Amino acid sequence: MTEECSKFKNKNIKDLDLNDLKEVRATDINEFLSYTEYYINNEGEEKSNSENGKSRKLAAVRGLFKYFYRMEKIPSNPAELVNKPKIHEKEIIRLEPNETAELLDVIEKGEKLTSGEKRYYNKNAKRDLAIVTLLLGTGIRVSECVGIDIDDVDFELNGVKITRKGGNEMVVYFGEEVERAIKEYLKEREEVEPEKGSENALFLSIQNKRIGVRAVEKLVKKYAQKVTTLKKISPHKLRSTYGTALYNETGDIYLVADVLGHKDVNTTKRHYAQMQDDNRRRAAKAVKLRD
């Protein structure tokens with residue numbers, strides 16, 4: 001908050017001290033947040049922040065003032081007087097049931113078209129099918145997926161041990177479709193000689209190393225583009241697809257929260273969007289412009 005805040009425009013940020021913090025008012029912080037909506041950085045690049053971005057920056061400012069106020073270094077906490085930017089809910093992007101089926105069909109065929117309509121077999125088809133089926137069938141995060149070891153999969157229980165955010169381990173369970181896809185992939189996996197350090201990894205890259213998050217994101221995007229051009233589908237969107245489907249089947253928001261590993265059930269309530277979407281679809285069919 002130097003040149004972007006008129007009160008400190010002639011000061012270098014490194015020169016600010018506690019006396020300067022004592023001078024800050026809520027209006028100064030609001031001025032800073034307004035600045036973050038659109039600005040040009042030191043490299044001459046145009047930058048902007050969404051509502052979420054501004055909220056994160058305000059959280060950092062609040063943390064700073066809260067600390068010094070609690071330590072009795074400043075007489076007041078002006079950051080508490082600043083309202084958080086209103087966050088407008090975005091509609092959750094997910095696959096419809098028919099799109100989910102088509103996506104799996106596209107991968108299972110194991111072929112890709114090049115110019116001239118010449119077909120080539122995709123040697124990673126079974127691996128890709130296992131990954132996407134696992135994501136769609138359990139709702140696990142892509143980071144959790146790539147961290148799975150072979151020994152983490154138990155076909156007696158049809159469960160897989162994953163490491164959640166924060167390092168907590170838990171077992172999530174899968175159905176027959178996921179079981180079948182992983183078993184088919186493991187037949188190929190047994191014939192591969194992994195690179196050193198990746199011997200235990202369930203999913204391997206083309207280089208025979210543990211597959212990374214970025215690689216999974218790319219393969220999901222590649223296949224999804226063959227199914228829909230209107231939606232930008234990522235592994236996280238597959239997670240949303242699972243969460244919505246599970247809620248529609250059970251109506252139990254707390255079950256969905258538990259399976260997805262959400263600490264706050266309010267996060268899970270985003271999956272109610274499916275019901276809102278269904279209502280809008282019915283509304284579209286209800287009005288007839290011509291008999």
# chains A, B, ... in the order shown; residues from 1 in each chain; ligands from 1
call {"tool": "residues_around", "arguments": {"residues": "A:Val106", "least_positions_apart": "5", "cutoff": "12 Å", "atoms": "only C-alpha atoms", "output": "ChimeraX atom specification"}}
result
/A:99-101,111-113,122,125-126,128-129,132,220,222-228
call {"tool": "residues_around", "arguments": {"residues": "A:Ala59", "least_positions_apart": "5", "cutoff": "10 Å", "atoms": "only C-alpha atoms", "output": "short mmCIF file (atom, residue, chain, number, x, y, z; two decimals) with N, CA and C atoms, in the first residue's frame"}}
result
data_model
loop_
_atom_site.label_atom_id
_atom_site.label_comp_id
_atom_site.auth_asym_id
_atom_site.auth_seq_id
_atom_site.Cartn_x
_atom_site.Cartn_y
_atom_site.Cartn_z
N GLY A 53 -9.93 -12.97 -5.42
CA GLY A 53 -8.58 -12.43 -5.29
C GLY A 53 -8.53 -11.27 -4.32
N LYS A 54 -9.50 -10.37 -4.43
CA LYS A 54 -9.56 -9.22 -3.51
C LYS A 54 -9.80 -9.69 -2.08
N LEU A 64 -2.38 -9.03 9.22
CA LEU A 64 -1.29 -8.13 9.65
C LEU A 64 -1.76 -7.22 10.78
N ALA A 79 -8.71 -2.62 9.76
CA ALA A 79 -9.05 -3.65 8.77
C ALA A 79 -10.38 -4.33 9.11
N LYS A 84 -15.89 -7.36 3.57
CA LYS A 84 -15.34 -8.30 2.61
C LYS A 84 -16.03 -8.14 1.26
#
call {"tool": "select_by_dssp", "arguments": {"residues": "stretch 22-167 of chain A", "states": "strand (DSSP E or B)", "output": "number ranges by chain"}}
result
A: 38-40, 46-48, 111-113, 119-121, 149, 153-154, 159-163
call {"tool": "closest_residue", "arguments": {"among": "A:Val24, A:Leu202, A:Leu103, A:Val61", "to": "A:Asp152", "atoms": "only C-alpha atoms"}}
result
A:Leu202
call {"tool": "residues_around", "arguments": {"residues": "stretch 210-215 of chain A", "least_positions_apart": "2", "cutoff": "10 Å", "atoms": "only C-alpha atoms", "output": "VMD selection string"}}
result
chain A and resid 141 to 149 194 to 208 217 to 221 235
call {"tool": "residues_around", "arguments": {"residues": "stretch 133-137 of chain A", "least_positions_apart": "6", "cutoff": "10 Å", "atoms": "only C-alpha atoms", "output": "PyMOL selection string"}}
result
chain A and resi 95+100+103-104+107+127+144-145+160+173-182+235-243+245-246
call {"tool": "residues_around", "arguments": {"residues": "A:Lys66", "least_positions_apart": "4", "cutoff": "7 Å", "atoms": "only C-alpha atoms", "output": "ChimeraX atom specification"}}
result
/A:62,70,77
call {"tool": "closest_residue", "arguments": {"among": "A:Met71, A:Ala130, A:Val172, A:Ile29", "to": "A:Asp154", "atoms": "only C-alpha atoms"}}
result
A:Val172
call {"tool": "select_by_dssp", "arguments": {"residues": "stretch 86-223 of chain A", "states": "alpha helix (DSSP H)", "output": "count of residues only"}}
result
57
call {"tool": "closest_residue", "arguments": {"among": "A:Asp15, A:Lys232, A:Val259, A:Asp252", "to": "A:Ile92", "atoms": "only C-alpha atoms"}}
result
A:Lys232
call {"tool": "atom_distance", "arguments": {"atom1": "atom CA of A:Leu21", "atom2": "atom CA of A:Leu33"}}
result
16.6 Å
call {"tool": "residues_around", "arguments": {"residues": "A:Ala257", "least_positions_apart": "3", "cutoff": "9 Å", "atoms": "only C-alpha atoms", "output": "PyMOL selection string"}}
result
chain A and resi 243+252-254+260-269
call {"tool": "atom_distance", "arguments": {"atom1": "atom CA of A:Asn12", "atom2": "atom CA of A:Thr36"}}
result
18.0 Å
call {"tool": "atom_distance", "arguments": {"atom1": "atom CA of A:Val256", "atom2": "atom CA of A:Val216"}}
result
23.7 Å
call {"tool": "residues_around", "arguments": {"residues": "A:Ser76", "least_positions_apart": "4", "cutoff": "9 Å", "atoms": "only C-alpha atoms", "output": "MDAnalysis selection string"}}
result
chainID A and resid 22 65 69 72
call {"tool": "decode", "arguments": {"residues": "stretch 34-117 of chain A", "atoms": "C-alpha atoms", "output": "CSV table (one decimal), in the first residue's frame"}}
result
chain,number,residue,atom,x,y,z
A,34,SER,CA,-10.1,-0.6,-5.4
A,35,TYR,CA,-6.6,-0.4,-6.8
A,36,THR,CA,-6.3,-4.2,-7.0
A,37,GLU,CA,-9.3,-4.4,-9.4
A,38,TYR,CA,-7.1,-3.2,-12.2
A,39,TYR,CA,-3.5,-2.1,-12.2
A,40,ILE,CA,-0.1,-2.3,-14.0
A,41,ASN,CA,2.7,-4.0,-12.2
A,42,ASN,CA,6.4,-3.1,-12.2
A,43,GLU,CA,6.9,-5.2,-15.4
A,44,GLY,CA,4.3,-3.2,-17.2
A,45,GLU,CA,1.8,-6.1,-17.2
A,46,GLU,CA,-1.9,-5.5,-16.8
A,47,LYS,CA,-3.3,-7.2,-13.7
A,48,SER,CA,-6.7,-7.6,-12.2
A,49,ASN,CA,-8.3,-9.4,-9.3
A,50,SER,CA,-11.6,-11.2,-9.1
A,51,GLU,CA,-13.8,-11.0,-6.0
A,52,ASN,CA,-11.9,-14.1,-4.6
A,53,GLY,CA,-8.6,-12.4,-5.3
A,54,LYS,CA,-9.6,-9.2,-3.5
A,55,SER,CA,-10.9,-11.2,-0.6
A,56,ARG,CA,-7.6,-13.1,-0.2
A,57,LYS,CA,-5.7,-9.8,-0.2
A,58,LEU,CA,-8.0,-8.3,2.4
A,59,ALA,CA,-7.5,-11.5,4.5
A,60,ALA,CA,-3.7,-10.8,4.4
A,61,VAL,CA,-4.1,-7.2,5.4
A,62,ARG,CA,-6.5,-8.2,8.2
A,63,GLY,CA,-4.0,-10.8,9.5
A,64,LEU,CA,-1.3,-8.1,9.6
A,65,PHE,CA,-3.4,-5.6,11.6
A,66,LYS,CA,-4.9,-8.3,13.8
A,67,TYR,CA,-1.4,-9.4,14.9
A,68,PHE,CA,-0.1,-6.0,15.8
A,69,TYR,CA,-3.4,-5.0,17.5
A,70,ARG,CA,-3.3,-8.1,19.7
A,71,MET,CA,0.3,-7.4,20.5
A,72,GLU,CA,-0.8,-3.9,21.5
A,73,LYS,CA,1.6,-2.3,19.0
A,74,ILE,CA,-1.2,-0.2,17.4
A,75,PRO,CA,-4.2,1.4,19.1
A,76,SER,CA,-6.9,0.1,16.7
A,77,ASN,CA,-7.6,-2.4,13.9
A,78,PRO,CA,-9.0,-0.5,10.9
A,79,ALA,CA,-9.1,-3.7,8.8
A,80,GLU,CA,-12.0,-5.0,10.8
A,81,LEU,CA,-14.1,-2.1,9.6
A,82,VAL,CA,-13.6,-3.0,5.9
A,83,ASN,CA,-16.4,-5.2,4.4
A,84,LYS,CA,-15.3,-8.3,2.6
A,85,PRO,CA,-15.9,-8.2,-1.2
A,86,LYS,CA,-19.2,-9.9,-2.0
A,87,ILE,CA,-18.5,-13.3,-3.6
A,88,HIS,CA,-21.0,-14.2,-6.3
A,89,GLU,CA,-21.6,-17.9,-6.6
A,90,LYS,CA,-20.5,-19.4,-9.9
A,91,GLU,CA,-22.5,-22.2,-11.4
A,92,ILE,CA,-20.7,-25.5,-11.0
A,93,ILE,CA,-19.5,-27.0,-14.3
A,94,ARG,CA,-20.0,-30.7,-14.4
A,95,LEU,CA,-20.8,-33.5,-16.9
A,96,GLU,CA,-24.3,-34.7,-17.5
A,97,PRO,CA,-24.8,-38.4,-17.2
A,98,ASN,CA,-24.8,-38.9,-21.0
A,99,GLU,CA,-21.6,-36.9,-21.3
A,100,THR,CA,-19.9,-39.0,-18.6
A,101,ALA,CA,-20.8,-42.2,-20.4
A,102,GLU,CA,-19.5,-40.7,-23.7
A,103,LEU,CA,-16.3,-39.6,-22.1
A,104,LEU,CA,-15.6,-43.1,-20.9
A,105,ASP,CA,-16.5,-44.5,-24.3
A,106,VAL,CA,-14.1,-42.2,-26.0
A,107,ILE,CA,-11.2,-43.2,-23.7
A,108,GLU,CA,-12.1,-46.9,-23.9
A,109,LYS,CA,-11.9,-47.1,-27.7
A,110,GLY,CA,-8.2,-46.3,-27.3
A,111,GLU,CA,-8.0,-44.6,-30.7
A,112,LYS,CA,-7.3,-41.0,-31.8
A,113,LEU,CA,-7.7,-39.4,-35.2
A,114,THR,CA,-5.1,-37.5,-37.0
A,115,SER,CA,-5.2,-35.7,-40.4
A,116,GLY,CA,-6.3,-37.9,-43.1
A,117,GLU,CA,-8.6,-39.9,-40.7
